Amino acid sequence: MRRSQLHRCITPWSVTSENQTTSFDYSRVVAQFKSQQILQQDRQELLDRIETVSKKSDQQHQQSFLKHFLRRGIIFSHRDFGDFLNDQEKSRPAYLYTGRGPSASSMHIGHLLPFYLCSSLQQTFDIPLVIQVTDDEKFLFRDINLDKLDKMTTENIKDIIACGFDQDKTFIFRNTQYFGEMYMTILQIQRCFSTNAVQKTFGFSGTDCVGKLSFAATQAAPCFASSFPKVLPFADRSNARCLIPCAIDQDPFFVLTRNNCCGPLKKSKPSLLHTTFLPGLKGPGVKMSSSDKDLSNVILLTDDEAAVKKKMRSAFSGGRATLKELQEKGADLEVDTAYQYLRYFLLDQQEFEEIGKEYGSGKISTGAVKDRAAEVVNSVLKTFREKRSAVTDETVKSFCEKRMLK
Ligand code: TYM
């Protein structure tokens, strides 16, 4: 199938497309966002450079999500990642920043991607990580009442912790509680953002509430170490390098920050690593989203084995209308949900390649690939649930308390 030439609109709050059965053309996304694409032929060089800089051998990297996502093209683009590596090489201060906007009480399996990536980057480079939980954003943008938000936020923080971070090096904060500490930095950023620039970046109109406009500075603030005077352990917080792993929908916040703040405030530009979207189950052209009302499109972290198997069985497939046609033409792997989920979650490269070869040439059935994908997803969820059940209110407190990280 030809890749989509159709219009797609990616914003931090929705990813819409006119055709959910064609896959994203990420080269076009890169061209639209003007980020730096990581081409297939450059992946190995980048992996080698990471190994040199981090001094972690390939053996130690074996099961790393950083390596896995790079090798499979799931990390497909970046901004100034080379500068981050240069700074690491010179032992300059650096930290990771990512976040979550709690809009449902359980996160979905796509949310694991940036958090697993952060965990892997933290292990690789041994640096602090700050995680912003934007309960304020969901109040402003999704009209969710504050009581409900409070419960969702606590549950989401537990989900995040279960992704496996170094407690001594990780700080998780909710905007409604931590805002004061960042306020000096937010003020400086607000002075750099014009109403026009924010409106143009996000497409806000005159009838949008002012909170939406000012939120841009709140998500920008953690790009600068000055937002964490009592948390980030650097002697000089004025110019520490921030690296942000996220799916590309969050990129506009940081382009706005890079273009409007770093010059006037004399700060290093934040670097970014962009991942692709884990597609929903209904087709490759729509990202999995927790605000999706159709739960058959989404795998929640709370879904049990039977639910995952059932959802995967009815997922959009790149298999053909008849067995005969599948045997003649092979499956369309690019749009096949089950195969794509294997690309994200099956770490065994040899098995992944074999399935690709056999399914792509019609030697194995769609049902078999769907069942294998359900098994793999269930094993990811099983590990996740074991870790999640060990997260107590005390654990939450220790990740969220304001203290100097190591
Ligand atoms: P949120 O809660 O929408 O998403 C949290 C993180 O998950 C990524 N993501 C996905 N990745 C892969 N496949 C998907 N289907 C998928 N859906 C979501 C998002 O890109 C994000 O990285 N405003 C933000 C919270 C935030 C933030 C940040 C995120 C605050 N500061 C800094 C990243 C970096 C939000 O609502 O994310």
# chains A, B, ... in the order shown; residues from 1 in each chain; ligands from 1
call {"tool": "residues_around", "arguments": {"residues": "segment 312-319 of chain A", "least_positions_apart": "6", "cutoff": "7 Å", "atoms": "only C-alpha atoms", "output": "list in words"}}
result
Leu281, Lys282, Gly283, Leu326, Ala331, Asp332, Leu333, Val335, Asp336, Thr337, Ala338, Thr366, Lys370 and Ala374 of chain A
call {"tool": "residues_around", "arguments": {"residues": "segment 222-235 of chain A", "least_positions_apart": "3", "cutoff": "7 Å", "atoms": "only C-alpha atoms", "output": "list in words"}}
result
Pro93, Tyr97, Glu181, Met182, Thr185, Gln219, Ser238, Ala240, Cys242, Pro270, Lys402, Arg403, Met404, Leu405 and Lys406 of chain A
call {"tool": "residues_near_ligand", "arguments": {"ligand": "ligand 1", "cutoff": "6 Å", "atoms": "only C-alpha atoms and all ligand atoms", "output": "ChimeraX atom specification"}}
result
/A:98-102,110-111,113-114,132,134,219,244,246-250,277-279,287-289
call {"tool": "residues_around", "arguments": {"residues": "segment 9-18 of chain A", "least_positions_apart": "5", "cutoff": "12 Å", "atoms": "only C-alpha atoms", "output": "PyMOL selection string"}}
result
chain A and resi 4+23-26+28-30+32-33+100-101+103+137-138+140-142+200-204+212+216+219+246-254+276-280+283-292
call {"tool": "residues_around", "arguments": {"residues": "Asn86 of chain A", "least_positions_apart": "3", "cutoff": "12 Å", "atoms": "only C-alpha atoms", "output": "ChimeraX atom specification"}}
result
/A:49-50,52-54,80-83,89-94,241,271
call {"tool": "write_last_selection", "arguments": {"atoms": "N, CA, C and O atoms", "output": "PDB file, in the first residue's frame"}}
result
ATOM      1  N   ARG A  49      28.325   5.942  18.891  1.00  0.00           N
ATOM      2  CA  ARG A  49      28.700   7.174  19.602  1.00  0.00           C
ATOM      3  C   ARG A  49      28.145   7.158  21.032  1.00  0.00           C
ATOM      4  O   ARG A  49      28.836   7.541  21.978  1.00  0.00           O
ATOM      5  N   ILE A  50      26.924   6.672  21.174  1.00  0.00           N
ATOM      6  CA  ILE A  50      26.328   6.579  22.515  1.00  0.00           C
ATOM      7  C   ILE A  50      27.169   5.653  23.390  1.00  0.00           C
ATOM      8  O   ILE A  50      27.446   5.948  24.554  1.00  0.00           O
ATOM      9  N   THR A  52      30.357   4.981  23.086  1.00  0.00           N
ATOM     10  CA  THR A  52      31.634   5.629  23.435  1.00  0.00           C
ATOM     11  C   THR A  52      31.423   6.653  24.545  1.00  0.00           C
ATOM     12  O   THR A  52      32.167   6.689  25.530  1.00  0.00           O
ATOM     13  N   VAL A  53      30.402   7.484  24.363  1.00  0.00           N
ATOM     14  CA  VAL A  53      30.201   8.573  25.318  1.00  0.00           C
ATOM     15  C   VAL A  53      29.785   8.036  26.686  1.00  0.00           C
ATOM     16  O   VAL A  53      30.261   8.486  27.725  1.00  0.00           O
ATOM     17  N   SER A  54      28.884   7.049  26.680  1.00  0.00           N
ATOM     18  CA  SER A  54      28.358   6.554  27.962  1.00  0.00           C
ATOM     19  C   SER A  54      29.300   5.542  28.614  1.00  0.00           C
ATOM     20  O   SER A  54      29.123   5.188  29.775  1.00  0.00           O
ATOM     21  N   ASP A  80      19.258  18.503  18.190  1.00  0.00           N
ATOM     22  CA  ASP A  80      20.517  18.727  18.922  1.00  0.00           C
ATOM     23  C   ASP A  80      20.882  17.606  19.897  1.00  0.00           C
ATOM     24  O   ASP A  80      21.428  17.873  20.978  1.00  0.00           O
ATOM     25  N   PHE A  81      20.578  16.370  19.527  1.00  0.00           N
ATOM     26  CA  PHE A  81      21.005  15.256  20.390  1.00  0.00           C
ATOM     27  C   PHE A  81      22.532  15.195  20.411  1.00  0.00           C
ATOM     28  O   PHE A  81      23.140  14.824  21.414  1.00  0.00           O
ATOM     29  N   GLY A  82      23.156  15.586  19.302  1.00  0.00           N
ATOM     30  CA  GLY A  82      24.623  15.621  19.225  1.00  0.00           C
ATOM     31  C   GLY A  82      25.207  16.560  20.274  1.00  0.00           C
ATOM     32  O   GLY A  82      26.239  16.257  20.885  1.00  0.00           O
ATOM     33  N   ASP A  83      24.534  17.688  20.514  1.00  0.00           N
ATOM     34  CA  ASP A  83      25.027  18.632  21.529  1.00  0.00           C
ATOM     35  C   ASP A  83      24.946  18.013  22.918  1.00  0.00           C
ATOM     36  O   ASP A  83      25.813  18.220  23.764  1.00  0.00           O
ATOM     37  N   GLU A  89      30.133  14.059  26.956  1.00  0.00           N
ATOM     38  CA  GLU A  89      31.540  13.703  26.769  1.00  0.00           C
ATOM     39  C   GLU A  89      32.437  14.594  27.625  1.00  0.00           C
ATOM     40  O   GLU A  89      33.453  14.162  28.160  1.00  0.00           O
ATOM     41  N   LYS A  90      32.017  15.861  27.768  1.00  0.00           N
ATOM     42  CA  LYS A  90      32.836  16.817  28.539  1.00  0.00           C
ATOM     43  C   LYS A  90      32.405  16.871  29.999  1.00  0.00           C
ATOM     44  O   LYS A  90      32.768  17.805  30.715  1.00  0.00           O
ATOM     45  N   SER A  91      31.561  15.901  30.409  1.00  0.00           N
ATOM     46  CA  SER A  91      31.042  15.838  31.792  1.00  0.00           C
ATOM     47  C   SER A  91      30.374  17.130  32.234  1.00  0.00           C
ATOM     48  O   SER A  91      30.476  17.540  33.399  1.00  0.00           O
ATOM     49  N   ARG A  92      29.697  17.780  31.295  1.00  0.00           N
ATOM     50  CA  ARG A  92      28.945  18.987  31.675  1.00  0.00           C
ATOM     51  C   ARG A  92      27.599  18.568  32.272  1.00  0.00           C
ATOM     52  O   ARG A  92      27.071  17.516  31.916  1.00  0.00           O
ATOM     53  N   PRO A  93      27.001  19.399  33.137  1.00  0.00           N
ATOM     54  CA  PRO A  93      25.744  19.003  33.786  1.00  0.00           C
ATOM     55  C   PRO A  93      24.607  18.824  32.783  1.00  0.00           C
ATOM     56  O   PRO A  93      24.439  19.630  31.860  1.00  0.00           O
ATOM     57  N   ALA A  94      23.863  17.738  32.962  1.00  0.00           N
ATOM     58  CA  ALA A  94      22.738  17.455  32.070  1.00  0.00           C
ATOM     59  C   ALA A  94      21.675  16.681  32.828  1.00  0.00           C
ATOM     60  O   ALA A  94      21.973  16.011  33.823  1.00  0.00           O
ATOM     61  N   ARG A 241      22.326  21.179  30.472  1.00  0.00           N
ATOM     62  CA  ARG A 241      21.650  20.712  29.239  1.00  0.00           C
ATOM     63  C   ARG A 241      20.460  19.830  29.595  1.00  0.00           C
ATOM     64  O   ARG A 241      20.583  18.907  30.392  1.00  0.00           O
ATOM     65  N   SER A 271      17.628  19.715  24.158  1.00  0.00           N
ATOM     66  CA  SER A 271      17.722  18.722  23.080  1.00  0.00           C
ATOM     67  C   SER A 271      16.497  17.811  23.171  1.00  0.00           C
ATOM     68  O   SER A 271      15.917  17.653  24.248  1.00  0.00           O
TER      69      SER A 271
END
call {"tool": "atom_distance", "arguments": {"atom1": "atom CA of Ala306 of chain A", "atom2": "atom CA of Arg343 of chain A"}}
result
21.6 Å
call {"tool": "select_by_dssp", "arguments": {"residues": "segment 133-367 of chain A", "states": "alpha helix (DSSP H)", "output": "PyMOL selection string"}}
result
chain A and resi 135-142+146-161+175-192+195-202+210-220+251-260+262-265+305-313+323-329+337-345+349-360+366-367
call {"tool": "residues_around", "arguments": {"residues": "segment 171-175 of chain A", "least_positions_apart": "4", "cutoff": "6 Å", "atoms": "only C-alpha atoms", "output": "mmCIF file with N, CA, C and O atoms, in the first residue's frame"}}
result
data_model
loop_
_atom_site.group_PDB
_atom_site.id
_atom_site.type_symbol
_atom_site.label_atom_id
_atom_site.label_comp_id
_atom_site.auth_asym_id
_atom_site.auth_seq_id
_atom_site.Cartn_x
_atom_site.Cartn_y
_atom_site.Cartn_z
ATOM 1 N N VAL A 130 13.573 14.677 35.639
ATOM 2 C CA VAL A 130 12.405 15.333 36.242
ATOM 3 C C VAL A 130 11.180 15.002 35.395
ATOM 4 O O VAL A 130 11.244 15.001 34.161
ATOM 5 N N ILE A 131 10.077 14.682 36.062
ATOM 6 C CA ILE A 131 8.852 14.296 35.346
ATOM 7 C C ILE A 131 7.720 15.235 35.758
ATOM 8 O O ILE A 131 7.320 15.276 36.927
ATOM 9 N N GLN A 132 7.238 15.987 34.777
ATOM 10 C CA GLN A 132 6.178 16.954 35.047
ATOM 11 C C GLN A 132 4.812 16.295 34.836
ATOM 12 O O GLN A 132 4.546 15.757 33.758
ATOM 13 N N VAL A 133 3.952 16.370 35.834
ATOM 14 C CA VAL A 133 2.596 15.829 35.684
ATOM 15 C C VAL A 133 1.651 17.026 35.575
ATOM 16 O O VAL A 133 1.482 17.796 36.529
ATOM 17 N N THR A 134 1.070 17.176 34.398
ATOM 18 C CA THR A 134 0.367 18.424 34.072
ATOM 19 C C THR A 134 -1.128 18.318 34.404
ATOM 20 O O THR A 134 -1.974 18.377 33.514
ATOM 21 N N PHE A 179 4.189 24.488 41.283
ATOM 22 C CA PHE A 179 4.246 25.682 40.452
ATOM 23 C C PHE A 179 5.108 26.811 41.048
ATOM 24 O O PHE A 179 5.920 27.423 40.358
ATOM 25 N N PHE A 399 9.268 9.584 45.653
ATOM 26 C CA PHE A 399 9.611 10.139 44.332
ATOM 27 C C PHE A 399 9.200 11.607 44.204
ATOM 28 O O PHE A 399 9.780 12.360 43.440
ATOM 29 N N CYS A 400 8.117 11.968 44.939
ATOM 30 C CA CYS A 400 7.559 13.316 44.760
ATOM 31 C C CYS A 400 8.085 14.328 45.773
ATOM 32 O O CYS A 400 7.795 15.518 45.654
#
call {"tool": "closest_residue", "arguments": {"among": "A:Ser106, A:Thr302, A:Ser361, A:Ser214", "to": "Lys329 of chain A", "atoms": "only C-alpha atoms"}}
result
A:Ser361
call {"tool": "residues_around", "arguments": {"residues": "Ser205 of chain A", "least_positions_apart": "6", "cutoff": "12 Å", "atoms": "only C-alpha atoms", "output": "list in words"}}
result
Thr195, Asn196, Val198, Gln199, Lys212 and Leu213 of chain A
call {"tool": "write_last_selection", "arguments": {"atoms": "all heavy atoms", "output": "mmCIF file, in the first residue's frame"}}
result
data_model
loop_
_atom_site.group_PDB
_atom_site.id
_atom_site.type_symbol
_atom_site.label_atom_id
_atom_site.label_comp_id
_atom_site.auth_asym_id
_atom_site.auth_seq_id
_atom_site.Cartn_x
_atom_site.Cartn_y
_atom_site.Cartn_z
ATOM 1 N N THR A 195 1.873 36.608 22.533
ATOM 2 C CA THR A 195 0.561 35.969 22.314
ATOM 3 C C THR A 195 0.509 35.415 20.890
ATOM 4 O O THR A 195 0.039 34.300 20.666
ATOM 5 C CB THR A 195 -0.561 36.996 22.532
ATOM 6 O OG1 THR A 195 -0.396 37.527 23.836
ATOM 7 C CG2 THR A 195 -1.940 36.377 22.400
ATOM 8 N N ASN A 196 1.013 36.188 19.948
ATOM 9 C CA ASN A 196 0.993 35.741 18.541
ATOM 10 C C ASN A 196 1.744 34.431 18.346
ATOM 11 O O ASN A 196 1.253 33.528 17.677
ATOM 12 C CB ASN A 196 1.671 36.785 17.630
ATOM 13 C CG ASN A 196 0.711 37.887 17.275
ATOM 14 O OD1 ASN A 196 -0.491 37.717 17.449
ATOM 15 N ND2 ASN A 196 1.240 39.007 16.804
ATOM 16 N N VAL A 198 2.445 32.083 20.532
ATOM 17 C CA VAL A 198 1.769 30.935 21.167
ATOM 18 C C VAL A 198 0.524 30.555 20.364
ATOM 19 O O VAL A 198 0.274 29.378 20.078
ATOM 20 C CB VAL A 198 1.402 31.246 22.643
ATOM 21 C CG1 VAL A 198 0.624 30.091 23.264
ATOM 22 C CG2 VAL A 198 2.664 31.509 23.457
ATOM 23 N N GLN A 199 -0.233 31.571 19.946
ATOM 24 C CA GLN A 199 -1.447 31.278 19.161
ATOM 25 C C GLN A 199 -1.115 30.574 17.863
ATOM 26 O O GLN A 199 -1.763 29.615 17.461
ATOM 27 C CB GLN A 199 -2.184 32.579 18.842
ATOM 28 C CG GLN A 199 -3.179 32.951 19.910
ATOM 29 C CD GLN A 199 -4.010 34.149 19.534
ATOM 30 O OE1 GLN A 199 -3.543 35.024 18.802
ATOM 31 N NE2 GLN A 199 -5.227 34.199 20.047
ATOM 32 N N LYS A 212 -4.912 28.560 28.714
ATOM 33 C CA LYS A 212 -4.272 27.742 27.672
ATOM 34 C C LYS A 212 -3.023 28.447 27.134
ATOM 35 O O LYS A 212 -1.998 27.827 26.896
ATOM 36 C CB LYS A 212 -5.254 27.489 26.524
ATOM 37 C CG LYS A 212 -6.378 26.551 26.890
ATOM 38 C CD LYS A 212 -7.202 26.210 25.661
ATOM 39 C CE LYS A 212 -8.360 25.315 26.027
ATOM 40 N NZ LYS A 212 -9.206 24.975 24.876
ATOM 41 N N LEU A 213 -3.154 29.752 26.943
ATOM 42 C CA LEU A 213 -1.998 30.513 26.437
ATOM 43 C C LEU A 213 -0.848 30.456 27.438
ATOM 44 O O LEU A 213 0.301 30.208 27.080
ATOM 45 C CB LEU A 213 -2.384 31.975 26.230
ATOM 46 C CG LEU A 213 -3.177 32.336 24.985
ATOM 47 C CD1 LEU A 213 -3.653 33.774 25.072
ATOM 48 C CD2 LEU A 213 -2.327 32.159 23.742
#
call {"tool": "select_by_dssp", "arguments": {"residues": "segment 43-113 of chain A", "states": "strand (DSSP E)", "output": "list in words"}}
result
Ile75, Phe76, Ser77, His78, Arg79, Ala94, Tyr95, Leu96, Tyr97, Thr98, Gly99 and Arg100 of chain A
